[in-house]
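See below for the structure under consideration.
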Amino acid sequence: MDEKIFPRNLTARAAMSVVGNPVSSRLESGVGVCYPGLEFDHRNLDRRFFPGLVFTFVSQDEADFPSDQLRGAELVSTDLCDPELPEVSDVSGSLHVQLAKDLREALTGEVGDLLNEGSFFLESLKQGKTRISMRGQEGTPLDGTVVWRLVRSLRPEPLEIVLKWRKKNKESSRPRSKQIVRLKGWRRSFVDPDTGVIKDVFRAGELTQSMCSPWQHDFRDCGCHYWASNHPDIVLLENPPGEELLPDKNPANPELANTPVDWLRSDRSQFASVAASGVRSKNRPYQMDFYEINERWQDFSFVLEGREISRPYTRADDLSKNPFNSPQTLAERLFKLAELEHVLILEYLYAYFSIKRPDEIDSGKYPALRDDAVFAAHELLIVAVSEMRHLRWVNQLLWEMWHAGIIPQLGPSLGVAGWVPTADKKLRKRELRILDPETLQSFIAVEQPSGTLDGQYARVIATFRLKKGEYPMADQWAQMAERIIADGVQHFSRFREIKSVLDDYIDPNAPVGTSPPYLRNLELADPASARAKQALGLYRELIKDLKAGYENGDLEDAKYVVNARKAMTDLKDLGEKLGLEEYGIPLFDGLPEPKE
Amino acid sequence: MSVSLVQIAPVAKAQREQSVQLLPPWMHILEGDPPLLFLVNGSQLFQITPPMEGRLIRGDRELESQLRRLASVPSQDHGTETTLIPHKAVSLNLAQHCNLSCKYCYADEGRFGGTPKLMTEVVALQVIDQLFSFPRSGGHVVIGFMGGEPFLNRPALYRVVEHARSLSLSKGVPVSFSVTTNATLLQSRDLDLLRDNAFSVTVSLDGTADSKDGLRIFKNGSDSQEQAISRIHPLLDRPGRARISARITISRLDLRVTEKIEFLANLGFRDIGVSPLRTSPDPSLILNTEDWAIFLREMTRAGEIEWQRIKGGHDFRFANMEIALKEIHRGSSRSLPCGAAKDYVSVDAEGNYFTCHRTIGDPRFVLGDLESGPRPESRSAFLKSRHVDSQAPCSSCWARYLCGGGCHAEVIQAGRQGCDYIRGWLAYCLRIYNQISLEKPSLLEQVTELAHG
């Protein structure tokens, strides 16, 4: 509107939106959730559902030490300033006038005195012909959340309530006549029927008093994980001084490297830190309280890369690594690295299928082995999937460099390397093996930081960082390579954890050749057998789809990716079935023999 | 060459009239200082600047399209009444009979064209039972007593109040009561009933101190005003929970409004309304075309005095103005002039339902009988036919959603009269409302309270 215009009456004002607070800042546009509330907590309306009384709905569902005695709608106070209980009767002629008069008389008299001494809870509601008790079938009080729901369902009409005294702590008993109070009133209308304005019985701030303030301290109890409440919950501890570190600055000790702790823990000393429980209520006793959160906010740590940090952050990569002298050389190396990622995928998957599943394990003899086997299999699969991501990222790097015009088309690289680095920087021939201790050790070796694999990627990063001018998207490409290295460190940690868990089941005195109790004795299936053919068919199909997808360059191409995923899922199912029969998929079948 | 002003003026006027005709039908400009803009849809009132007024008068399409967005706000009350809920108010014509013979009585001295009769208790209680039989989640009901003179049937009146209170308690449905009376038969126990049950009492009184027009007379021809005043006086003195209002009928014999309001205010009435006579057994009393202009002047004069009073901190007493301001404040956008047949119905002495108390006995307005109650289809058909957008010339009148089309009974019986007066009165009230917004916005809270009440 390019002319000044002044709205006068309500409809004119409603029609005009002026520059200033947007519609979304108005209460009527608010999201009146109750968890506990983003704009206002509409449970606070029901606290005053009965004129002259103020309740609070007490839940014990998440209490550390739940008490039935505390459950329900507790009377907080009487309110003789309630506008619906005026001192002088109005002249509306409505039924409520008489009720209001009687109610006021009761609350200003003995009944009010009684209610203000001791703890009273809502015992029952009666509206019309319907009476609802606030106790369950066994007589235990209903939780406050349930009582609130029942109160919410009342109509704004006459109502009778019964309040009952509950003894608390060391209170002395009282005679029965002073334990029960019956009141007649009505369920309040919370808003004016004509204007929608909230009744002025609610004091300023009352409706928003229990709002969550996720950017202050209440995020501790945020149950809806509203975005602003996001904060670190489970983190890794900062490296203690003097602790042996890996090149990426993570502790060499796998337990220290991998034990998650609660970021909200009250005891911040290193040695008192316990692993965070997976259940919120179990962590709660050890967490900071709200006042502590406000007072000791400086004690909270920054978290980088999942680990608490209090010292200045330094990059873990070593830019002195010898950069590749040309994009072509770099690309050729990436091509080879992709093949290496591929062979690791196959070796890890084969090993994964060699771990027994829970129902194959005799828990009588090894009570914890079922869980440990599940853990080991899960971790191994995570590593295998991570390698699959690396395979894709490396191919993406090749594709992007080709499309940037700095290399000819080299990819996709979906071959399988014949040789795998070992701990002493030598090479071993690729091999499909069950996850015996020796195999596990070789997996640790290939993933070790500053190992061959790691070193190769470090050269890639160094090339992108130091020769930015030759690579149009050097920063992004470097980040991708950095991510691969970071994952590699995690693989190293995971394998070491697997080892620390499974070592308990290795009997050093067992005869040579004794299989650990968590292992299936997989035998390579005959490639000509029906099941092996089927499995190999799926594997080759998924490689074919990946190739087509990577060639097209649109790596999100739905058609090929969907097909590849389906084949992958089917392959995993088939691998499980074969593993149960103690056959392993001959994944290297058909590949050229590795050259010496 | 000079052009005389005489020659210019008609041209300018013609141009202006032509310009005004360019105004779209969804807006209306109230000329003056400052100019006001009224958007019909939603009854939205704006103060605008003189340049903007000029642009609109000249037919500025761009500005119109900007305003169009405001004008498209959905109004409150429009549309056909497709989802009728049970009526919540009923008036019982306890006595189709009266002790007075007011010369302008629309009810034919209470007889409504028939023989005098009183409603039996059986009929009355059955009507009340029907009223309470509908589910009323969160609502309340209103029971009115009309006539004729309802206090001619005192036993039924008392019995209905007792029965209604009992039902109210048992069903949890609040009830309030109203009565329209000539006050001449009131006894002290009646006053106690009115006080104790928080009645809204409407007293029909027309006079001034020197009023001897002899319109409100007993059957013997003597004036009833003095007796009425003496009988209502104790209630005015000590109202208790009762709310008392006076209703003045203005005939063409005496169009003075201010003096009548003043007179009744001095008697103690704090709520005084005025109604111009449009239908009457004696047509010589009805306002004619020339009278309406005078009446408008009288009303605005009373309005000015009322404005000065409330500006000075006094309470409202001129009900017409109070109600108009309330409706303007809310932006009332009514498709009907009142609640007749919608929220409110009326019952004759035999239990037949009619659209309102003005239409008792008229077969054009019957809705049902004692057995059936008011039939939804009859209510619906009546309301659809009376929608203001389907009336002529209402459908093109800028004030239609504030007015609603005028009393159904009067319009159907005697045609639409005094539309210019209504527009003039509403225009005056709109301007007063704007003045309140500027000079005493705190008064709007009072108006808001009225809106809630």
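Here, A, B, ... name the chains of the structure tokens in the order displayed, residue numbers run from 1 inside each chain, and ligands are numbered from 1 in the same displayed order.
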
Using only C-alpha atoms, determine which residues lie at most 12 Å from Ile422 of chain B, disregarding the query and same-chain residues fewer than 4 positions distant; provide the list as a list in words. Ser275, Pro276, Trp292, Ala293, Phe295, Leu296, Arg297, Met299, Thr300, Asn320, Ala324, Cys394, Cys397, Trp398, Ala399, Arg400, Tyr401, Leu402, Cys403, Gly404, Gly405, Gly406, Arg416, Gln417, Gly418, Leu426, Ala427, Tyr428 and Cys429 of chain B

Give me, as CSV, each residue of chain B that comes within 9 Å of chain A, together with its shortest interatomic pair and the distance in Å at one decimal, counting only C-alpha atoms, with rows ordered by chain and rising residue number.
```
residue,atom,partner,partner_atom,distance
B:Leu39,CA,A:Ala12,CA,8.5
B:Gly42,CA,A:Thr11,CA,6.2
B:Ser43,CA,A:Thr11,CA,7.0
B:Gln44,CA,A:Ala12,CA,4.4
B:Leu45,CA,A:Arg8,CA,5.5
B:Phe46,CA,A:Pro7,CA,4.4
B:Gln47,CA,A:Phe6,CA,5.0
B:Ile48,CA,A:Ile5,CA,5.0
B:Thr49,CA,A:Lys4,CA,6.9
B:Pro51,CA,A:Glu3,CA,8.7
B:Met52,CA,A:Glu3,CA,6.7
B:Leu63,CA,A:Met1,CA,7.6
B:Gln66,CA,A:Met1,CA,6.0
B:Leu67,CA,A:Met1,CA,7.8
B:Arg69,CA,A:Ala15,CA,8.5
B:Leu70,CA,A:Ala15,CA,5.6
B:Ala71,CA,A:Ala15,CA,8.1
B:Ser72,CA,A:Ala15,CA,8.9
B:Val73,CA,A:Ala15,CA,6.5
B:Ser75,CA,A:Thr11,CA,8.8
B:Ser137,CA,A:Arg155,CA,7.1
B:Gly138,CA,A:Pro156,CA,5.4
B:Gly139,CA,A:Glu157,CA,8.5
B:His140,CA,A:Ser94,CA,8.1
B:Arg165,CA,A:Leu95,CA,8.4
B:Ser168,CA,A:Leu95,CA,7.4
B:Leu169,CA,A:Leu95,CA,7.4
B:Ser170,CA,A:Gly128,CA,8.6
B:Lys171,CA,A:Gly128,CA,7.4
B:Gly172,CA,A:Pro158,CA,5.8
B:Val173,CA,A:Leu95,CA,7.5
B:Pro174,CA,A:Leu95,CA,4.7
B:Val175,CA,A:Ser94,CA,5.6
B:Ser176,CA,A:Gly93,CA,5.3
B:Phe177,CA,A:Gly93,CA,7.5
B:Asp196,CA,A:Gly93,CA,8.5
B:Asn197,CA,A:Gly93,CA,6.0
B:Ala198,CA,A:Gly93,CA,4.5
B:Phe199,CA,A:Gly93,CA,7.0
B:Ser200,CA,A:Gly93,CA,8.9
B:Gly240,CA,A:Val91,CA,8.0
B:Arg241,CA,A:Val91,CA,4.6
B:Ala242,CA,A:Val91,CA,6.7
B:Arg243,CA,A:Val91,CA,7.6
B:Ile328,CA,A:Asn9,CA,6.7
B:His329,CA,A:Asn9,CA,4.8
B:Arg330,CA,A:Leu10,CA,5.5
B:Gly331,CA,A:Thr11,CA,5.2
B:Ser332,CA,A:Thr11,CA,8.4
B:Tyr433,CA,A:Arg8,CA,8.3
B:Asn434,CA,A:Arg8,CA,6.7
B:Ser437,CA,A:Arg8,CA,6.9
B:Ala451,CA,A:Asp194,CA,7.9
B:His452,CA,A:Asp194,CA,6.5
B:Gly453,CA,A:Ser92,CA,8.8
```

Filtered DSSP result for segment 147-359 of chain B, state strand (DSSP E or B), as a PDB file with N, CA and C atoms, in the first residue's frame:
```pdb
ATOM      1  N   GLY B 147     -45.825 -10.042  25.210  1.00  0.00           N
ATOM      2  CA  GLY B 147     -47.289  -9.972  25.093  1.00  0.00           C
ATOM      3  C   GLY B 147     -47.652  -9.135  23.873  1.00  0.00           C
ATOM      4  N   VAL B 175     -29.326 -20.335  32.387  1.00  0.00           N
ATOM      5  CA  VAL B 175     -30.498 -19.693  31.789  1.00  0.00           C
ATOM      6  C   VAL B 175     -30.550 -18.249  32.245  1.00  0.00           C
ATOM      7  N   SER B 176     -30.964 -17.386  31.353  1.00  0.00           N
ATOM      8  CA  SER B 176     -31.235 -16.015  31.767  1.00  0.00           C
ATOM      9  C   SER B 176     -32.615 -15.636  31.251  1.00  0.00           C
ATOM     10  N   PHE B 177     -33.173 -14.604  31.883  1.00  0.00           N
ATOM     11  CA  PHE B 177     -34.566 -14.239  31.623  1.00  0.00           C
ATOM     12  C   PHE B 177     -34.658 -12.791  31.183  1.00  0.00           C
ATOM     13  N   SER B 178     -35.694 -12.534  30.372  1.00  0.00           N
ATOM     14  CA  SER B 178     -35.973 -11.147  30.007  1.00  0.00           C
ATOM     15  C   SER B 178     -37.480 -10.951  29.964  1.00  0.00           C
ATOM     16  N   VAL B 179     -37.900  -9.713  30.113  1.00  0.00           N
ATOM     17  CA  VAL B 179     -39.321  -9.404  30.017  1.00  0.00           C
ATOM     18  C   VAL B 179     -39.475  -8.016  29.408  1.00  0.00           C
ATOM     19  N   THR B 180     -40.466  -7.906  28.530  1.00  0.00           N
ATOM     20  CA  THR B 180     -40.848  -6.595  27.990  1.00  0.00           C
ATOM     21  C   THR B 180     -42.212  -6.264  28.564  1.00  0.00           C
ATOM     22  N   THR B 181     -42.298  -5.131  29.242  1.00  0.00           N
ATOM     23  CA  THR B 181     -43.504  -4.826  29.985  1.00  0.00           C
ATOM     24  C   THR B 181     -43.838  -3.341  29.896  1.00  0.00           C
ATOM     25  N   SER B 200     -33.495  -9.224  32.512  1.00  0.00           N
ATOM     26  CA  SER B 200     -33.351  -8.029  31.675  1.00  0.00           C
ATOM     27  C   SER B 200     -34.755  -7.493  31.475  1.00  0.00           C
ATOM     28  N   VAL B 201     -34.999  -6.321  31.987  1.00  0.00           N
ATOM     29  CA  VAL B 201     -36.344  -5.764  31.971  1.00  0.00           C
ATOM     30  C   VAL B 201     -36.404  -4.617  30.968  1.00  0.00           C
ATOM     31  N   THR B 202     -37.239  -4.752  29.984  1.00  0.00           N
ATOM     32  CA  THR B 202     -37.414  -3.674  29.002  1.00  0.00           C
ATOM     33  C   THR B 202     -38.763  -3.033  29.235  1.00  0.00           C
ATOM     34  N   VAL B 203     -38.729  -1.757  29.535  1.00  0.00           N
ATOM     35  CA  VAL B 203     -39.963  -1.020  29.826  1.00  0.00           C
ATOM     36  C   VAL B 203     -40.282  -0.129  28.639  1.00  0.00           C
ATOM     37  N   SER B 204     -41.496  -0.274  28.151  1.00  0.00           N
ATOM     38  CA  SER B 204     -41.915   0.571  27.013  1.00  0.00           C
ATOM     39  C   SER B 204     -42.440   1.888  27.571  1.00  0.00           C
ATOM     40  N   ILE B 217     -52.026   4.622  26.314  1.00  0.00           N
ATOM     41  CA  ILE B 217     -53.197   4.917  27.142  1.00  0.00           C
ATOM     42  C   ILE B 217     -53.824   3.641  27.655  1.00  0.00           C
ATOM     43  N   PHE B 218     -54.510   3.787  28.764  1.00  0.00           N
ATOM     44  CA  PHE B 218     -55.318   2.692  29.267  1.00  0.00           C
ATOM     45  C   PHE B 218     -56.547   2.552  28.375  1.00  0.00           C
ATOM     46  N   ASP B 223     -53.824   8.434  30.312  1.00  0.00           N
ATOM     47  CA  ASP B 223     -52.416   8.190  30.033  1.00  0.00           C
ATOM     48  C   ASP B 223     -51.830   7.226  31.068  1.00  0.00           C
ATOM     49  N   ARG B 243     -31.410  -5.888  35.191  1.00  0.00           N
ATOM     50  CA  ARG B 243     -30.911  -4.838  34.307  1.00  0.00           C
ATOM     51  C   ARG B 243     -32.117  -4.230  33.607  1.00  0.00           C
ATOM     52  N   ILE B 244     -32.256  -2.940  33.756  1.00  0.00           N
ATOM     53  CA  ILE B 244     -33.479  -2.294  33.279  1.00  0.00           C
ATOM     54  C   ILE B 244     -33.169  -1.367  32.133  1.00  0.00           C
ATOM     55  N   SER B 245     -34.000  -1.441  31.121  1.00  0.00           N
ATOM     56  CA  SER B 245     -33.835  -0.523  29.994  1.00  0.00           C
ATOM     57  C   SER B 245     -35.201   0.019  29.594  1.00  0.00           C
ATOM     58  N   ALA B 246     -35.166   1.166  28.971  1.00  0.00           N
ATOM     59  CA  ALA B 246     -36.402   1.783  28.478  1.00  0.00           C
ATOM     60  C   ALA B 246     -36.370   1.788  26.966  1.00  0.00           C
ATOM     61  N   ARG B 247     -37.528   1.569  26.369  1.00  0.00           N
ATOM     62  CA  ARG B 247     -37.623   1.624  24.915  1.00  0.00           C
ATOM     63  C   ARG B 247     -38.682   2.647  24.531  1.00  0.00           C
ATOM     64  N   ILE B 248     -38.218   3.602  23.735  1.00  0.00           N
ATOM     65  CA  ILE B 248     -39.092   4.693  23.305  1.00  0.00           C
ATOM     66  C   ILE B 248     -39.514   4.435  21.872  1.00  0.00           C
ATOM     67  N   THR B 249     -40.792   4.533  21.609  1.00  0.00           N
ATOM     68  CA  THR B 249     -41.265   4.477  20.223  1.00  0.00           C
ATOM     69  C   THR B 249     -41.507   5.905  19.753  1.00  0.00           C
ATOM     70  N   ILE B 250     -40.864   6.247  18.672  1.00  0.00           N
ATOM     71  CA  ILE B 250     -40.977   7.620  18.153  1.00  0.00           C
ATOM     72  C   ILE B 250     -42.003   7.626  17.020  1.00  0.00           C
ATOM     73  N   ILE B 272     -31.298   3.403  27.475  1.00  0.00           N
ATOM     74  CA  ILE B 272     -32.497   3.940  26.814  1.00  0.00           C
ATOM     75  C   ILE B 272     -32.336   3.779  25.306  1.00  0.00           C
ATOM     76  N   GLY B 273     -33.302   3.100  24.717  1.00  0.00           N
ATOM     77  CA  GLY B 273     -33.260   2.892  23.274  1.00  0.00           C
ATOM     78  C   GLY B 273     -34.439   3.546  22.584  1.00  0.00           C
ATOM     79  N   VAL B 274     -34.228   3.814  21.319  1.00  0.00           N
ATOM     80  CA  VAL B 274     -35.225   4.535  20.544  1.00  0.00           C
ATOM     81  C   VAL B 274     -35.566   3.743  19.300  1.00  0.00           C
ATOM     82  N   SER B 275     -36.858   3.685  18.993  1.00  0.00           N
ATOM     83  CA  SER B 275     -37.266   2.950  17.791  1.00  0.00           C
ATOM     84  C   SER B 275     -38.261   3.780  17.006  1.00  0.00           C
ATOM     85  N   PRO B 276     -37.973   4.094  15.773  1.00  0.00           N
ATOM     86  CA  PRO B 276     -38.921   4.883  14.977  1.00  0.00           C
ATOM     87  C   PRO B 276     -40.083   4.004  14.513  1.00  0.00           C
ATOM     88  N   PHE B 318     -27.440   5.948  25.874  1.00  0.00           N
ATOM     89  CA  PHE B 318     -28.187   5.969  24.616  1.00  0.00           C
ATOM     90  C   PHE B 318     -27.914   4.642  23.906  1.00  0.00           C
ATOM     91  N   ALA B 340     -33.862 -13.478  14.701  1.00  0.00           N
ATOM     92  CA  ALA B 340     -35.154 -14.111  14.468  1.00  0.00           C
ATOM     93  C   ALA B 340     -35.005 -15.357  13.608  1.00  0.00           C
ATOM     94  N   TYR B 344     -33.282 -17.235  17.832  1.00  0.00           N
ATOM     95  CA  TYR B 344     -34.432 -16.815  18.644  1.00  0.00           C
ATOM     96  C   TYR B 344     -35.743 -17.118  17.924  1.00  0.00           C
ATOM     97  N   VAL B 345     -36.713 -17.624  18.663  1.00  0.00           N
ATOM     98  CA  VAL B 345     -38.058 -17.815  18.112  1.00  0.00           C
ATOM     99  C   VAL B 345     -39.061 -17.347  19.155  1.00  0.00           C
ATOM    100  N   SER B 346     -40.294 -17.203  18.703  1.00  0.00           N
ATOM    101  CA  SER B 346     -41.325 -16.738  19.624  1.00  0.00           C
ATOM    102  C   SER B 346     -42.511 -17.690  19.564  1.00  0.00           C
ATOM    103  N   VAL B 347     -43.239 -17.779  20.675  1.00  0.00           N
ATOM    104  CA  VAL B 347     -44.333 -18.740  20.765  1.00  0.00           C
ATOM    105  C   VAL B 347     -45.612 -18.008  21.151  1.00  0.00           C
ATOM    106  N   TYR B 353     -45.063 -21.751  16.978  1.00  0.00           N
ATOM    107  CA  TYR B 353     -43.780 -21.052  16.882  1.00  0.00           C
ATOM    108  C   TYR B 353     -43.784 -20.084  15.708  1.00  0.00           C
ATOM    109  N   PHE B 354     -43.245 -18.907  15.959  1.00  0.00           N
ATOM    110  CA  PHE B 354     -43.102 -17.876  14.929  1.00  0.00           C
ATOM    111  C   PHE B 354     -41.673 -17.342  14.937  1.00  0.00           C
TER     112      PHE B 354
END
```

Compile the contact shell of Ala478 of chain A as a PDB file with C-alpha atoms, in the first residue's frame: residues with an atom at most 10 Å away, counting only C-alpha atoms, same-chain residues fewer than 2 positions apart removed.
```
ATOM      1  CA  LEU A 397      37.216 -37.806  -7.677  1.00  0.00           C
ATOM      2  CA  TYR A 457      45.793 -40.683   0.628  1.00  0.00           C
ATOM      3  CA  ALA A 458      48.003 -38.303   2.547  1.00  0.00           C
ATOM      4  CA  VAL A 460      46.647 -37.056  -2.446  1.00  0.00           C
ATOM      5  CA  ILE A 461      45.694 -34.488   0.167  1.00  0.00           C
ATOM      6  CA  ALA A 462      49.094 -32.886   0.057  1.00  0.00           C
ATOM      7  CA  THR A 463      48.803 -32.610  -3.736  1.00  0.00           C
ATOM      8  CA  PHE A 464      45.430 -30.844  -3.551  1.00  0.00           C
ATOM      9  CA  ARG A 465      46.576 -28.517  -0.805  1.00  0.00           C
ATOM     10  CA  LYS A 468      45.776 -25.707  -5.714  1.00  0.00           C
ATOM     11  CA  MET A 473      38.167 -27.876  -6.931  1.00  0.00           C
ATOM     12  CA  ALA A 474      41.197 -28.586  -4.817  1.00  0.00           C
ATOM     13  CA  ASP A 475      39.544 -27.773  -1.471  1.00  0.00           C
ATOM     14  CA  GLN A 476      36.562 -30.023  -2.016  1.00  0.00           C
ATOM     15  CA  MET A 480      36.981 -35.946   0.354  1.00  0.00           C
ATOM     16  CA  ALA A 481      40.403 -37.514   0.698  1.00  0.00           C
ATOM     17  CA  GLU A 482      40.654 -36.297   4.286  1.00  0.00           C
ATOM     18  CA  ARG A 483      37.420 -37.990   5.031  1.00  0.00           C
ATOM     19  CA  ILE A 484      38.773 -41.242   3.679  1.00  0.00           C
TER      20      ILE A 484
END
```

What parts of segment 176-350 of chain B does DSSP call alpha helix (DSSP H)? I'd like the answer as a PyMOL selection string. chain B and resi 188-196+225-237+258-267+289-311+319-330

If we count only C-alpha atoms, what is near segment 258-266 of chain B at a cut-off of 7 Å, once residues fewer than 5 positions away on the same chain are taken out, given as a VMD selection string? chain B and resid 207 to 209 272 302

List the neighbours of His233 of chain B out to 12 Å using only C-alpha atoms; skip same-chain residues closer than 2 positions along the sequence, and give me the result as an MDAnalysis selection string. chainID B and resid 183:184 186:188 191 203 225:231 235:239 244 264 266:269

Set the distance at 10 Å and use only C-alpha atoms: which residues neighbour segment 419-424 of chain A once local chain neighbours fewer than 4 positions away are removed? I'd like the list as a list in words. Glu339, Leu340, Glu341, Val343, Leu344, Arg428, Lys429, Arg430, Glu431, Gln441, Ser442, Phe443, Ile444, Ala445, Val446, Glu447, Gln448, Gly451, Thr452, Leu453, Pro594, Lys595 and Glu596 of chain A

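For Val58 of chain A, the list of residues within 8 Å, based on only C-alpha atoms and with local chain neighbours fewer than 5 positions off taken out, reads A:Leu70, A:Arg71, A:Gly72, A:Ala73, A:Glu74, A:Asp143, A:Gly144, A:Thr145.
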
Any chance you can output those residues with N, CA and C atoms as a PDB file, in the first residue's frame?
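As written to disk, part-v5.pdb reads:
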```pdb
ATOM      1  N   LEU A  70       3.286 -39.276  44.336  1.00  0.00           N
ATOM      2  CA  LEU A  70       3.463 -37.963  43.724  1.00  0.00           C
ATOM      3  C   LEU A  70       2.698 -37.814  42.423  1.00  0.00           C
ATOM      4  N   ARG A  71       2.126 -38.893  41.925  1.00  0.00           N
ATOM      5  CA  ARG A  71       1.468 -38.839  40.628  1.00  0.00           C
ATOM      6  C   ARG A  71       0.121 -38.126  40.700  1.00  0.00           C
ATOM      7  N   GLY A  72      -0.203 -37.445  39.656  1.00  0.00           N
ATOM      8  CA  GLY A  72      -1.559 -36.916  39.544  1.00  0.00           C
ATOM      9  C   GLY A  72      -1.575 -35.408  39.399  1.00  0.00           C
ATOM     10  N   ALA A  73      -2.739 -34.831  39.681  1.00  0.00           N
ATOM     11  CA  ALA A  73      -2.898 -33.378  39.635  1.00  0.00           C
ATOM     12  C   ALA A  73      -2.875 -32.872  41.072  1.00  0.00           C
ATOM     13  N   GLU A  74      -1.796 -32.204  41.412  1.00  0.00           N
ATOM     14  CA  GLU A  74      -1.648 -31.707  42.779  1.00  0.00           C
ATOM     15  C   GLU A  74      -2.126 -30.266  42.874  1.00  0.00           C
ATOM     16  N   ASP A 143      -1.044 -41.315  36.500  1.00  0.00           N
ATOM     17  CA  ASP A 143       0.055 -40.371  36.304  1.00  0.00           C
ATOM     18  C   ASP A 143      -0.501 -38.996  35.884  1.00  0.00           C
ATOM     19  N   GLY A 144       0.271 -37.976  36.208  1.00  0.00           N
ATOM     20  CA  GLY A 144      -0.165 -36.616  35.897  1.00  0.00           C
ATOM     21  C   GLY A 144      -0.481 -36.403  34.430  1.00  0.00           C
ATOM     22  N   THR A 145       0.244 -37.069  33.558  1.00  0.00           N
ATOM     23  CA  THR A 145      -0.014 -36.901  32.122  1.00  0.00           C
ATOM     24  C   THR A 145      -1.386 -37.466  31.770  1.00  0.00           C
TER      25      THR A 145
END
```

Could you state the separation of atom CA of Leu336 of chain B and atom CA of Arg386 of chain B in Å, given to one decimal place?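 For atom CA of Leu336 of chain B relative to atom CA of Arg386 of chain B, the distance reads 6.9 Å.
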
Do you have the atom CA of Pro281 of chain B-atom CA of Ser251 of chain B distance handy?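 Atom-to-atom, atom CA of Pro281 of chain B and atom CA of Ser251 of chain B are spaced 12.3 Å apart.
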
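The space between atom CA of Pro527 of chain A and atom CA of His342 of chain A spans 19.9 Å.
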